[in-house]
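> Take a look at run-v6.pdb, PDB, C-alpha atoms:
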ATOM      1  CA  MET P   1     129.533  47.102 139.441
ATOM      2  CA  LYS P   2     131.532  47.984 142.526
ATOM      3  CA  LYS P   3     132.322  51.683 142.782
ATOM      4  CA  ARG P   4     135.230  53.398 144.455
ATOM      5  CA  THR P   5     135.654  57.064 145.249
ATOM      6  CA  ILE P   6     138.815  58.073 143.441
ATOM      7  CA  ARG P   7     140.870  60.316 145.693
ATOM      8  CA  GLY P   8     144.505  61.219 145.907
ATOM      9  CA  ILE P   9     145.310  60.094 142.389
ATOM     10  CA  THR P  10     145.561  62.050 139.180
ATOM     11  CA  LEU P  11     143.015  61.375 136.488
ATOM     12  CA  ILE P  12     144.452  61.596 133.003
ATOM     13  CA  LEU P  13     142.360  63.554 130.589
ATOM     14  CA  MET P  14     143.187  62.644 127.015
ATOM     15  CA  VAL P  15     142.080  64.623 124.047
ATOM     16  CA  LEU P  16     142.718  64.039 120.389
ATOM     17  CA  ALA P  17     144.593  66.572 118.341
ATOM     18  CA  VAL P  18     142.719  68.603 115.783
ATOM     19  CA  SER P  19     142.032  67.489 112.237
ATOM     20  CA  LEU P  20     144.940  66.386 110.115
ATOM     21  CA  LEU P  21     144.085  69.059 107.614
ATOM     22  CA  SER P  22     144.312  71.743 110.300
ATOM     23  CA  GLY P  23     147.705  70.821 111.713
ATOM     24  CA  CYS P  24     148.337  69.686 115.287
ATOM     25  CA  THR P  25     148.084  71.507 118.573
ATOM     26  CA  PHE P  26     150.743  71.008 121.220
ATOM     27  CA  PHE P  27     150.331  71.458 124.937
ATOM     28  CA  GLN P  28     152.866  72.134 127.619
ATOM     29  CA  ASP P  29     152.691  68.589 128.911
ATOM     30  CA  GLU P  30     152.771  65.638 126.573
ATOM     31  CA  GLY P  31     152.859  61.899 126.631
ATOM     32  CA  ARG P  32     153.492  58.872 124.510
ATOM     33  CA  LEU P  33     150.953  56.688 122.789
ATOM     34  CA  SER P  34     152.403  53.384 121.568
ATOM     35  CA  GLY P  35     149.845  51.529 119.534
ATOM     36  CA  THR P  36     149.620  49.462 116.395
ATOM     37  CA  VAL P  37     146.773  49.474 113.882
ATOM     38  CA  MET P  38     145.562  47.095 111.177
ATOM     39  CA  PHE P  39     143.182  47.953 108.307
ATOM     40  CA  ILE P  40     140.544  45.443 107.167
ATOM     41  CA  HIS P  41     138.184  46.254 104.295
ATOM     42  CA  SER P  42     138.502  44.369 100.995
ATOM     43  CA  SER P  43     136.914  40.930 101.377
ATOM     44  CA  PRO P  44     133.324  40.564 100.100
ATOM     45  CA  VAL P  45     131.936  39.921 103.595
ATOM     46  CA  VAL P  46     133.636  43.037 104.974
ATOM     47  CA  GLN P  47     132.629  45.134 101.970
ATOM     48  CA  GLU P  48     129.015  44.099 102.477
ATOM     49  CA  TRP P  49     129.257  44.896 106.184
ATOM     50  CA  LEU P  50     130.761  48.324 105.498
ATOM     51  CA  GLN P  51     127.712  49.182 103.362
ATOM     52  CA  GLN P  52     125.386  48.367 106.264
ATOM     53  CA  PRO P  53     127.453  48.195 109.459
ATOM     54  CA  LYS P  54     126.286  46.119 112.392
ATOM     55  CA  LYS P  55     128.206  44.886 115.419
ATOM     56  CA  SER P  56     131.945  44.295 115.557
ATOM     57  CA  TYR P  57     134.378  43.078 118.183
ATOM     58  CA  ILE P  58     138.071  43.098 118.949
ATOM     59  CA  GLN P  59     139.814  40.897 121.485
ATOM     60  CA  ALA P  60     143.392  40.368 122.601
ATOM     61  CA  TYR P  61     145.550  38.970 125.384
ATOM     62  CA  PHE P  62     147.880  41.158 127.438
ATOM     63  CA  LEU P  63     150.585  40.724 130.079
ATOM     64  CA  PHE P  64     152.603  43.247 132.090
ATOM     65  CA  PRO P  65     155.650  42.857 134.386
ATOM     66  CA  SER P  66     155.591  43.083 138.175
ATOM     67  CA  ASP P  67     156.860  46.687 138.274
ATOM     68  CA  PHE P  68     154.418  47.969 135.642
ATOM     69  CA  ALA P  69     153.299  51.509 136.472
ATOM     70  CA  SER P  70     149.691  51.930 137.562
ATOM     71  CA  ASP P  71     149.256  55.283 135.781
ATOM     72  CA  ILE P  72     149.601  53.668 132.332
ATOM     73  CA  ILE P  73     146.395  53.087 130.374
ATOM     74  CA  PHE P  74     146.359  50.190 127.914
ATOM     75  CA  GLY P  75     143.725  48.504 125.840
ATOM     76  CA  ILE P  76     142.079  47.734 122.525
ATOM     77  CA  ASP P  77     140.245  49.848 120.007
ATOM     78  CA  GLN P  78     138.139  49.431 116.878
ATOM     79  CA  GLU P  79     137.236  52.269 114.569
ATOM     80  CA  MET P  80     135.054  52.505 111.495
ATOM     81  CA  ILE P  81     136.369  54.960 108.930
ATOM     82  CA  GLU P  82     133.640  56.283 106.652
ATOM     83  CA  GLY P  83     135.895  57.640 103.913
ATOM     84  CA  VAL P  84     135.466  60.931 102.099
ATOM     85  CA  ASP P  85     134.064  59.645  98.782
ATOM     86  CA  ASP P  86     130.908  57.784  99.831
ATOM     87  CA  PRO P  87     130.246  58.219 103.557
ATOM     88  CA  ILE P  88     127.294  56.836 105.482
ATOM     89  CA  HIS P  89     126.967  59.812 107.830
ATOM     90  CA  PHE P  90     129.717  62.417 107.268
ATOM     91  CA  PRO P  91     132.747  62.613 104.943
ATOM     92  CA  GLY P  92     135.885  61.510 106.784
ATOM     93  CA  ALA P  93     134.068  60.479 109.951
ATOM     94  CA  ASP P  94     135.962  58.138 112.287
ATOM     95  CA  TRP P  95     133.734  56.253 114.748
ATOM     96  CA  MET P  96     135.902  55.154 117.655
ATOM     97  CA  ALA P  97     135.048  52.405 120.157
ATOM     98  CA  LEU P  98     138.120  52.459 122.401
ATOM     99  CA  VAL P  99     138.458  50.926 125.854
ATOM    100  CA  GLY P 100     141.335  51.474 128.276
ATOM    101  CA  LEU P 101     142.357  49.717 131.459
ATOM    102  CA  THR P 102     144.865  50.156 134.278
ATOM    103  CA  ARG P 103     146.475  47.444 136.368
ATOM    104  CA  ASP P 104     144.323  48.675 139.273
ATOM    105  CA  GLY P 105     141.183  47.714 137.385
ATOM    106  CA  VAL P 106     139.854  51.098 136.250
ATOM    107  CA  LEU P 107     138.096  50.891 132.878
ATOM    108  CA  SER P 108     137.873  54.055 130.792
ATOM    109  CA  ILE P 109     135.985  54.796 127.585
ATOM    110  CA  PRO P 110     135.605  57.979 125.515
ATOM    111  CA  VAL P 111     131.889  58.735 125.201
ATOM    112  CA  GLY P 112     130.444  60.315 122.087
ATOM    113  CA  THR P 113     128.472  63.514 122.600
ATOM    114  CA  SER P 114     125.348  64.609 120.730
ATOM    115  CA  ASP P 115     127.502  67.063 118.797
ATOM    116  CA  ALA P 116     129.830  64.251 117.766
ATOM    117  CA  LEU P 117     126.930  62.116 116.560
ATOM    118  CA  ASN P 118     125.739  65.089 114.533
ATOM    119  CA  GLY P 119     129.049  65.509 112.761
ATOM    120  CA  THR P 120     131.239  67.723 114.943
ATOM    121  CA  PRO P 121     134.487  66.001 116.016
ATOM    122  CA  SER P 122     134.613  65.843 119.789
ATOM    123  CA  ASP P 123     138.329  65.928 120.654
ATOM    124  CA  ALA P 124     137.477  62.940 122.915
ATOM    125  CA  SER P 125     136.697  65.258 125.800
ATOM    126  CA  VAL P 126     134.137  63.161 127.699
ATOM    127  CA  TRP P 127     135.266  59.984 129.433
ATOM    128  CA  GLU P 128     133.527  57.382 131.555
ATOM    129  CA  PHE P 129     135.609  55.768 134.327
ATOM    130  CA  ILE P 130     134.356  52.463 135.743
ATOM    131  CA  ASP P 131     136.001  50.765 138.708
ATOM    132  CA  LEU P 132     135.959  47.018 138.053
ATOM    133  CA  GLY P 133     136.902  46.273 141.666
ATOM    134  CA  VAL P 134     139.913  44.108 140.820
ATOM    135  CA  SER P 135     143.678  44.453 140.838
ATOM    136  CA  LEU P 136     145.365  42.620 137.993
ATOM    137  CA  GLN P 137     148.308  40.323 138.627
ATOM    138  CA  PRO P 138     151.666  40.758 136.882
ATOM    139  CA  ASN P 139     153.287  38.174 134.618
ATOM    140  CA  THR P 140     149.842  36.792 133.871
ATOM    141  CA  TRP P 141     148.033  36.615 130.566
ATOM    142  CA  TYR P 142     144.596  38.232 130.644
ATOM    143  CA  PHE P 143     141.939  38.269 127.926
ATOM    144  CA  MET P 144     140.022  41.423 127.020
ATOM    145  CA  LYS P 145     137.224  41.864 124.503
ATOM    146  CA  GLU P 146     135.189  44.853 123.416
ATOM    147  CA  GLU P 147     132.048  44.857 121.274
ATOM    148  CA  ALA P 148     130.387  47.820 119.578
ATOM    149  CA  ASP P 149     127.358  48.401 117.372
ATOM    150  CA  PHE P 150     128.359  50.650 114.487
ATOM    151  CA  GLN P 151     124.828  50.767 113.116
ATOM    152  CA  LYS P 152     123.592  52.368 116.337
ATOM    153  CA  ARG P 153     127.009  53.988 116.940
ATOM    154  CA  LYS P 154     127.077  52.655 120.471
ATOM    155  CA  PHE P 155     129.357  50.532 122.599
ATOM    156  CA  GLU P 156     128.041  47.074 123.470
ATOM    157  CA  SER P 157     130.171  45.406 126.145
ATOM    158  CA  PHE P 158     133.583  44.866 127.694
ATOM    159  CA  THR P 159     134.876  41.514 128.973
ATOM    160  CA  LEU P 160     137.931  40.772 131.095
ATOM    161  CA  ILE P 161     138.986  37.187 131.900
ATOM    162  CA  GLY P 162     141.959  35.875 133.856
ATOM    163  CA  PRO P 163     142.844  34.012 137.055
ATOM    164  CA  GLU P 164     139.929  34.571 139.443
ATOM    165  CA  VAL P 165     138.614  37.295 137.133
ATOM    166  CA  ASN P 166     135.604  36.967 134.841
ATOM    167  CA  ILE P 167     133.939  40.341 134.378
ATOM    168  CA  SER P 168     131.512  41.575 131.749
ATOM    169  CA  VAL P 169     130.331  45.189 131.646
ATOM    170  CA  ASP P 170     127.295  46.393 129.719
ATOM    171  CA  LEU P 171     128.332  49.520 127.819
ATOM    172  CA  SER P 172     125.270  49.785 125.586
ATOM    173  CA  ASN P 173     124.193  53.134 127.050
ATOM    174  CA  TYR P 174     127.320  54.864 125.743
ATOM    175  CA  ASN P 175     127.794  56.332 122.276
ATOM    176  CA  VAL P 176     130.967  55.651 120.359
ATOM    177  CA  ASP P 177     132.958  58.784 119.694
ATOM    178  CA  TYR P 178     133.832  60.815 116.600
ATOM    179  CA  PRO P 179     137.208  62.209 117.676
ATOM    180  CA  ASN P 180     138.679  63.419 114.394
ATOM    181  CA  TYR P 181     138.381  63.704 110.644
ATOM    182  CA  ILE P 182     140.222  60.998 108.679
ATOM    183  CA  PRO P 183     141.132  61.875 105.058
ATOM    184  CA  ILE P 184     140.959  58.406 103.480
ATOM    185  CA  ASP P 185     139.018  57.944 100.258
ATOM    186  CA  ASN P 186     137.062  54.783 101.109
ATOM    187  CA  ARG P 187     135.644  52.912 104.077
ATOM    188  CA  SER P 188     137.616  50.567 106.314
ATOM    189  CA  MET P 189     137.578  48.994 109.731
ATOM    190  CA  THR P 190     140.690  49.497 111.828
ATOM    191  CA  TYR P 191     141.756  47.499 114.876
ATOM    192  CA  TYR P 192     144.309  48.474 117.515
ATOM    193  CA  VAL P 193     146.204  47.441 120.614
ATOM    194  CA  TYR P 194     147.883  50.256 122.513
ATOM    195  CA  SER P 195     149.237  51.748 125.714
ATOM    196  CA  ILE P 196     149.536  55.395 126.701
ATOM    197  CA  ARG P 197     151.289  57.445 129.349
ATOM    198  CA  MET P 198     151.070  61.162 129.949
ATOM    199  CA  ALA P 199     153.716  63.516 131.228
ATOM    200  CA  GLY P 200     153.040  64.869 134.672
ATOM    201  CA  GLU P 201     152.944  62.942 137.926
ATOM    202  CA  VAL P 202     154.378  59.603 136.836
ATOM    203  CA  GLN P 203     155.893  56.662 138.678
ATOM    204  CA  PRO P 204     159.498  55.544 138.021
ATOM    205  CA  ARG P 205     158.395  52.025 137.088
ATOM    206  CA  SER P 206     158.225  49.743 134.048
ATOM    207  CA  THR P 207     156.558  51.151 130.939
ATOM    208  CA  THR P 208     156.237  48.002 128.804
ATOM    209  CA  ILE P 209     153.280  45.721 128.165
ATOM    210  CA  TYR P 210     152.808  42.732 125.850
ATOM    211  CA  PHE P 211     149.867  41.999 123.520
ATOM    212  CA  ASP P 212     149.210  38.775 121.644
ATOM    213  CA  ASP P 213     146.573  36.800 119.729
ATOM    214  CA  VAL P 214     144.502  39.703 118.454
ATOM    215  CA  GLU P 215     141.193  38.808 116.823
ATOM    216  CA  ALA P 216     138.390  40.810 115.239
ATOM    217  CA  GLY P 217     134.993  39.848 113.917
ATOM    218  CA  ILE P 218     131.841  41.360 112.443
ATOM    219  CA  GLU P 219     128.171  40.504 112.740
ATOM    220  CA  THR P 220     126.662  38.860 109.663
ATOM    221  CA  ASP P 221     123.353  37.145 108.956
ATOM    222  CA  SER P 222     124.777  33.842 110.229
ATOM    223  CA  GLY P 223     126.296  35.277 113.401
ATOM    224  CA  TYR P 224     129.792  36.622 113.931
ATOM    225  CA  THR P 225     132.417  36.137 111.214
ATOM    226  CA  VAL P 226     136.089  36.351 112.157
ATOM    227  CA  ILE P 227     137.833  38.748 109.783
ATOM    228  CA  MET P 228     141.239  39.033 111.446
ATOM    229  CA  GLN P 229     143.442  36.833 113.618
ATOM    230  CA  ASP P 230     147.062  37.677 114.257
ATOM    231  CA  GLY P 231     149.631  36.649 116.846
ATOM    232  CA  PHE P 232     152.635  38.640 115.532
ATOM    233  CA  GLU P 233     154.220  35.446 114.181
ATOM    234  CA  THR P 234     154.899  36.601 110.608
ATOM    235  CA  GLN P 235     155.580  40.357 110.786
ATOM    236  CA  TYR P 236     158.710  41.323 112.692
ATOM    237  CA  THR P 237     158.843  45.084 112.150
ATOM    238  CA  ILE P 238     156.051  47.665 112.386
ATOM    239  CA  PRO P 239     156.449  50.681 110.061
ATOM    240  CA  ASN P 240     154.714  54.041 109.809
ATOM    241  CA  ILE P 241     151.476  54.348 107.844
ATOM    242  CA  PRO P 242     152.064  55.637 104.299
ATOM    243  CA  ILE P 243     150.367  59.024 104.029
ATOM    244  CA  THR P 244     149.457  61.110 101.005
ATOM    245  CA  LEU P 245     147.595  64.364 101.564
ATOM    246  CA  PRO P 246     145.115  65.864 101.114
ATOM    247  CA  VAL P 247     143.480  62.423 100.740
ATOM    248  CA  THR P 248     145.105  59.028 101.178
ATOM    249  CA  HIS P 249     143.892  56.230  98.930
ATOM    250  CA  ILE P 250     143.053  53.119 100.885
ATOM    251  CA  SER P 251     144.930  51.102  98.239
ATOM    252  CA  GLN P 252     148.195  52.684  99.489
ATOM    253  CA  ILE P 253     147.780  51.040 102.887
ATOM    254  CA  LYS P 254     148.568  47.337 103.064
ATOM    255  CA  GLU P 255     145.655  45.388 104.462
ATOM    256  CA  GLY P 256     146.125  42.831 107.234
ATOM    257  CA  PHE P 257     149.421  44.475 108.169
ATOM    258  CA  TRP P 258     150.415  46.186 111.412
ATOM    259  CA  TYR P 259     151.390  49.868 111.271
ATOM    260  CA  LYS P 260     152.471  52.311 113.928
ATOM    261  CA  GLU P 261     149.462  54.226 115.137
ATOM    262  CA  ASN P 262     151.682  57.310 115.256
ATOM    263  CA  GLU P 263     155.284  57.958 114.345
ATOM    264  CA  ASN P 264     156.396  58.225 117.990
ATOM    265  CA  ALA P 265     155.036  54.821 118.986
ATOM    266  CA  LEU P 266     157.656  52.509 120.495
ATOM    267  CA  LEU P 267     156.769  49.021 119.292
ATOM    268  CA  SER P 268     158.670  45.791 118.792
ATOM    269  CA  VAL P 269     157.852  42.188 118.004
ATOM    270  CA  VAL P 270     159.642  40.087 120.622
ATOM    271  CA  ASP P 271     160.118  36.476 121.680
ATOM    272  CA  THR P 272     160.522  37.138 125.421
ATOM    273  CA  GLN P 273     156.803  36.549 126.084
ATOM    274  CA  ALA P 274     154.064  34.896 124.063
ATOM    275  CA  HIS P 275     150.544  33.768 124.792
ATOM    276  CA  SER P 276     150.765  31.344 121.895
ATOM    277  CA  GLY P 277     153.430  30.726 119.297
ATOM    278  CA  SER P 278     156.790  32.397 119.776
ATOM    279  CA  TYR P 279     156.181  36.149 119.473
ATOM    280  CA  SER P 280     154.124  39.025 120.852
ATOM    281  CA  CYS P 281     153.946  42.800 120.423
ATOM    282  CA  LEU P 282     155.726  44.889 123.054
ATOM    283  CA  CYS P 283     154.409  48.437 123.577
ATOM    284  CA  ASN P 284     156.690  50.836 125.446
ATOM    285  CA  VAL P 285     155.468  54.216 126.703
ATOM    286  CA  THR P 286     158.644  55.523 128.284
ATOM    287  CA  LEU P 287     158.652  59.305 128.510
ATOM    288  CA  LYS P 288     162.334  59.516 127.637
ATOM    289  CA  GLY P 289     162.831  61.632 124.548
ATOM    290  CA  LEU P 290     159.820  63.857 125.098
ATOM    291  CA  ASP P 291     162.024  66.938 124.712
ATOM    292  CA  GLN P 292     162.622  65.890 121.120
ATOM    293  CA  ILE P 293     158.913  65.323 120.601
ATOM    294  CA  GLY P 294     158.134  68.806 121.873
ATOM    295  CA  ARG P 295     160.521  70.379 119.381
ATOM    296  CA  ARG P 296     159.130  68.615 116.328
ATOM    297  CA  HIS P 297     156.069  70.772 115.793
ATOM    298  CA  ILE P 298     157.570  72.343 112.658
ATOM    299  CA  ILE P 299     157.944  68.940 111.006
ATOM    300  CA  ILE P 300     154.516  67.907 112.227
ATOM    301  CA  ASN P 301     152.754  70.967 110.884
ATOM    302  CA  GLN P 302     154.569  70.571 107.572
ATOM    303  CA  TYR P 303     153.643  66.957 106.962
ATOM    304  CA  LEU P 304     150.507  66.738 109.127
ATOM    305  CA  SER P 305     151.404  63.155 110.003
ATOM    306  CA  HIS P 306     152.062  63.298 113.730
ATOM    307  CA  ARG P 307     149.274  60.799 114.172
ATOM    308  CA  PHE P 308     147.333  59.454 111.243
ATOM    309  CA  PHE P 309     144.558  59.000 113.740
ATOM    310  CA  PRO P 310     145.872  62.043 115.546
ATOM    311  CA  MET P 311     147.980  61.328 118.569
ATOM    312  CA  LEU P 312     146.313  61.258 121.944
ATOM    313  CA  GLU P 313     147.777  64.231 123.712
ATOM    314  CA  LEU P 314     147.534  65.771 127.138
ATOM    315  CA  ASN P 315     145.369  68.838 127.382
ATOM    316  CA  SER P 316     145.664  68.980 131.162
ATOM    317  CA  VAL P 317     146.565  66.714 134.039
ATOM    318  CA  LEU P 318     143.725  67.381 136.402
ATOM    319  CA  ASN P 319     142.741  66.229 139.865
ATOM    320  CA  VAL P 320     139.211  65.131 140.660
ATOM    321  CA  ASN P 321     138.454  68.500 142.266
ATOM    322  CA  ASN P 322     139.006  70.227 138.915
ATOM    323  CA  LEU P 323     136.408  68.139 137.105
ATOM    324  CA  GLU P 324     132.684  68.233 136.725
ATOM    325  CA  ARG P 325     131.781  64.758 137.957
ATOM    326  CA  SER P 326     128.457  62.997 138.170
ATOM    327  CA  GLU P 327     128.164  59.505 139.582
ATOM    328  CA  THR P 328     126.263  57.026 137.458
ATOM    329  CA  SER P 329     125.147  53.483 138.096
ATOM    330  CA  SER P 330     128.286  52.176 136.463
ATOM    331  CA  GLY P 331     130.976  54.649 137.418
ATOM    332  CA  PHE P 332     131.896  58.283 136.933
ATOM    333  CA  ASN P 333     131.064  60.521 134.018
ATOM    334  CA  ILE P 334     133.808  63.084 133.728
ATOM    335  CA  GLN P 335     133.631  66.168 131.569
ATOM    336  CA  CYS P 336     136.239  68.873 131.606
ATOM    337  CA  THR P 337     136.053  72.527 130.777
ATOM    338  CA  PHE P 338     139.375  73.133 129.054
ATOM    339  CA  PHE P 339     141.571  76.027 130.076
TER     340      PHE P 339
END
In structure tokens, what does this structure look like?


Amino acid sequence: MKKRTIRGITLILMVLAVSLLSGCTFFQDEGRLSGTVMFIHSSPVVQEWLQQPKKSYIQAYFLFPSDFASDIIFGIDQEMIEGVDDPIHFPGADWMALVGLTRDGVLSIPVGTSDALNGTPSDASVWEFIDLGVSLQPNTWYFMKEEADFQKRKFESFTLIGPEVNISVDLSNYNVDYPNYIPIDNRSMTYYVYSIRMAGEVQPRSTTIYFDDVEAGIETDSGYTVIMQDGFETQYTIPNIPITLPVTHISQIKEGFWYKENENALLSVVDTQAHSGSYSCLCNVTLKGLDQIGRRHIIINQYLSHRFFPMLELNSVLNVNNLERSETSSGFNIQCTFF
């Protein structure tokens, strides 16, 4: 994989907020995460898989406008929620296999640490940045796919396909992450599309990106079985996730239905762009209104629902010189000492 020395740009370090049951921590600088999540768990094939997890994938198409800002990270995510009643490893564990991309072709993944694998939530503090060596074209539909092995708790691969682009990256050396405790009673897979922008040094450019034709599948004895396909053709509004604390029953959450990944997500189902059919999901990460977000900590601490899978927040906006960085064969491993 072609490598580039990253100079003169700001690397965004994202960390997850603390456990829902502990309230949420706010930092001086914030951002907006606009993502949508779907729960899949009840069919016999998925129930069997959740008892003995194997590999899973998520794929989607995306398109951004010509003036789309290059500091915005967007991507797909799949997470296995263990539940608190009958976990495989740890009660409430959330195994996250998230991949992010920029229009300049930088792939980023949160890497699980040994502490995370042993049951201590990581706050998503270790990230791998891989330069794919491409610049993506605007107003063009691209395909992205990410595979993970939830039995081994490792990433598998990332694929990006579009005009003059056909890239596959082996991610099997990287652990999936355990970023936060999730107080749901039973197991479920969750699948996401998202974009995120942090406050700090930002460009005055477009903040919207389209996603369409999302698909997810799981490994079974006969190969991969598709368990979800959705092109935003039948659901025209995306609500908040219904929360009941201290533990939310999975039966309260409608399966096969898109929810806001956090209450501040700006999402809409639109007919201005579509990869197939007539509609797609538009994610907007404008930073307008962040003053209101910063003042809502009282409400957030009261209801503990700022992000059901707690909102990606900015701990620091750091330059490369502030980071411990070690070059690897595939990119940069970046670990920060928080301050």

> For the file shown, report as a count of residues only the outcome of the PyMOL selection byres ((chain P and resi 153) around 12) at residue level.

37

> Identify all residues satisfying the PyMOL selection byres ((chain P and resi 38-52) around 10) in the given file; provide them as a VMD selection string.

chain P and resid 36 to 37 53 to 56 78 to 82 86 to 88 150 to 151 186 to 193 216 to 220 225 227 to 228 241 250 to 251 253 to 261

> Out of P:Ala199, P:Val270, P:Val126, P:Ile73, which residue has the shortest atom-to-atom distance to P:Gly289 when counting only C-alpha atoms?

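For P:Gly289, the nearest of the given residues is P:Ala199.
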
> Using all atoms listed in the file, which of the listed residues (P:Asp77, P:Glu128, P:Asp104, P:Asp67) sits closest to P:Glu146?

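With all atoms listed in the file as the atom set, the closest residue is P:Asp77.
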
> Could you please determine the separation between atom CA of P:Glu30 and atom CA of P:Gly75 in Å, to one decimal place?

19.4 Å

> When you draw a straight line from atom CA of P:Asn284 to atom CA of P:Ile130, how long is it in Å?

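Atom CA of P:Ile130 lies 24.6 Å from atom CA of P:Asn284.
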
> Nearest residue to P:Thr159 out of P:Leu107, P:Ile182, P:Leu266, P:Met144, using all atoms listed in the file?

P:Met144

> Mind giving me the straight-line distance from atom CA of P:Ile243 to atom CA of P:Tyr194 in Å, one decimal?

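Computing it gives 20.6 Å between the two atoms.
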
> Identify all residues satisfying the PyMOL selection byres ((chain P and resi 34) around 6) in the given file; provide them as number ranges by chain.

P: 33, 35, 194-195, 265-266, 283

> Using 6 Å of padding on each side, determine the axis-aligned box around all atoms of stretch 33-43 of chain P present in the file and give its centre and edge lengths in Å to one decimal, as AutoDock Vina command-line options.


--center_x 144.7 --center_y 48.8 --center_z 111.9 --size_x 27.5 --size_y 27.8 --size_z 33.8

> Using all atoms listed in the file - which residues lie no farther than 10 Å from the point (145.1, 64.2, 100.7) in the file's frame? Write them as a ChimeraX atom specification.

/P:20-21,182-185,243-249

> Kindly indicate which residue among P:Gln137, P:Ser70, P:Gln252, P:Asn264 lies nearest to P:Val165, using all atoms listed in the file for the distances.

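Checking each of P:Gln137, P:Ser70, P:Gln252, P:Asn264 against P:Val165, counting all atoms listed in the file, the winner is P:Gln137.
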
> Select, from P:Leu287, P:Ile109, P:Leu98, P:Val134, the residue with the minimum atom-to-atom distance to P:Thr207, counting only C-alpha atoms.

P:Leu287

> Near P:Phe211, counting only C-alpha atoms, which residues have an atom at most 12 Å away, once you skip same-chain residues fewer than 5 positions from it, shown as a PDB file with C-alpha atoms, keeping the file's coordinate frame?


ATOM      1  CA  SER P  34     152.403  53.384 121.568  1.00  0.00           C
ATOM      2  CA  GLY P  35     149.845  51.529 119.534  1.00  0.00           C
ATOM      3  CA  THR P  36     149.620  49.462 116.395  1.00  0.00           C
ATOM      4  CA  GLN P  59     139.814  40.897 121.485  1.00  0.00           C
ATOM      5  CA  ALA P  60     143.392  40.368 122.601  1.00  0.00           C
ATOM      6  CA  TYR P  61     145.550  38.970 125.384  1.00  0.00           C
ATOM      7  CA  PHE P  62     147.880  41.158 127.438  1.00  0.00           C
ATOM      8  CA  LEU P  63     150.585  40.724 130.079  1.00  0.00           C
ATOM      9  CA  PHE P  64     152.603  43.247 132.090  1.00  0.00           C
ATOM     10  CA  PHE P  74     146.359  50.190 127.914  1.00  0.00           C
ATOM     11  CA  GLY P  75     143.725  48.504 125.840  1.00  0.00           C
ATOM     12  CA  ILE P  76     142.079  47.734 122.525  1.00  0.00           C
ATOM     13  CA  THR P 140     149.842  36.792 133.871  1.00  0.00           C
ATOM     14  CA  TRP P 141     148.033  36.615 130.566  1.00  0.00           C
ATOM     15  CA  TYR P 142     144.596  38.232 130.644  1.00  0.00           C
ATOM     16  CA  PHE P 143     141.939  38.269 127.926  1.00  0.00           C
ATOM     17  CA  MET P 144     140.022  41.423 127.020  1.00  0.00           C
ATOM     18  CA  TYR P 192     144.309  48.474 117.515  1.00  0.00           C
ATOM     19  CA  VAL P 193     146.204  47.441 120.614  1.00  0.00           C
ATOM     20  CA  TYR P 194     147.883  50.256 122.513  1.00  0.00           C
ATOM     21  CA  SER P 195     149.237  51.748 125.714  1.00  0.00           C
ATOM     22  CA  ASP P 230     147.062  37.677 114.257  1.00  0.00           C
ATOM     23  CA  GLY P 231     149.631  36.649 116.846  1.00  0.00           C
ATOM     24  CA  PHE P 232     152.635  38.640 115.532  1.00  0.00           C
ATOM     25  CA  LEU P 267     156.769  49.021 119.292  1.00  0.00           C
ATOM     26  CA  SER P 268     158.670  45.791 118.792  1.00  0.00           C
ATOM     27  CA  VAL P 269     157.852  42.188 118.004  1.00  0.00           C
ATOM     28  CA  VAL P 270     159.642  40.087 120.622  1.00  0.00           C
ATOM     29  CA  ASP P 271     160.118  36.476 121.680  1.00  0.00           C
ATOM     30  CA  THR P 272     160.522  37.138 125.421  1.00  0.00           C
ATOM     31  CA  GLN P 273     156.803  36.549 126.084  1.00  0.00           C
ATOM     32  CA  ALA P 274     154.064  34.896 124.063  1.00  0.00           C
ATOM     33  CA  HIS P 275     150.544  33.768 124.792  1.00  0.00           C
ATOM     34  CA  SER P 276     150.765  31.344 121.895  1.00  0.00           C
ATOM     35  CA  TYR P 279     156.181  36.149 119.473  1.00  0.00           C
ATOM     36  CA  SER P 280     154.124  39.025 120.852  1.00  0.00           C
ATOM     37  CA  CYS P 281     153.946  42.800 120.423  1.00  0.00           C
ATOM     38  CA  LEU P 282     155.726  44.889 123.054  1.00  0.00           C
ATOM     39  CA  CYS P 283     154.409  48.437 123.577  1.00  0.00           C
ATOM     40  CA  ASN P 284     156.690  50.836 125.446  1.00  0.00           C
TER      41      ASN P 284
END

> Would you list the contacts of P:Glu164 as a list in words, taking every protein, DNA or RNA residue within 10 Å and counting only C-alpha atoms, but skipping same-chain residues closer than 3 positions in sequence?

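Counting only C-alpha atoms, the residues come to Val134, Leu136, Ile161 and Ile167 of chain P.
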
> Which is closer to P:Gly105 than all the others in P:Asp123, P:Asp71, P:Asp170, P:Asp221, using only C-alpha atoms?

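Using only C-alpha atoms, P:Gly105 sits closest to P:Asp71.
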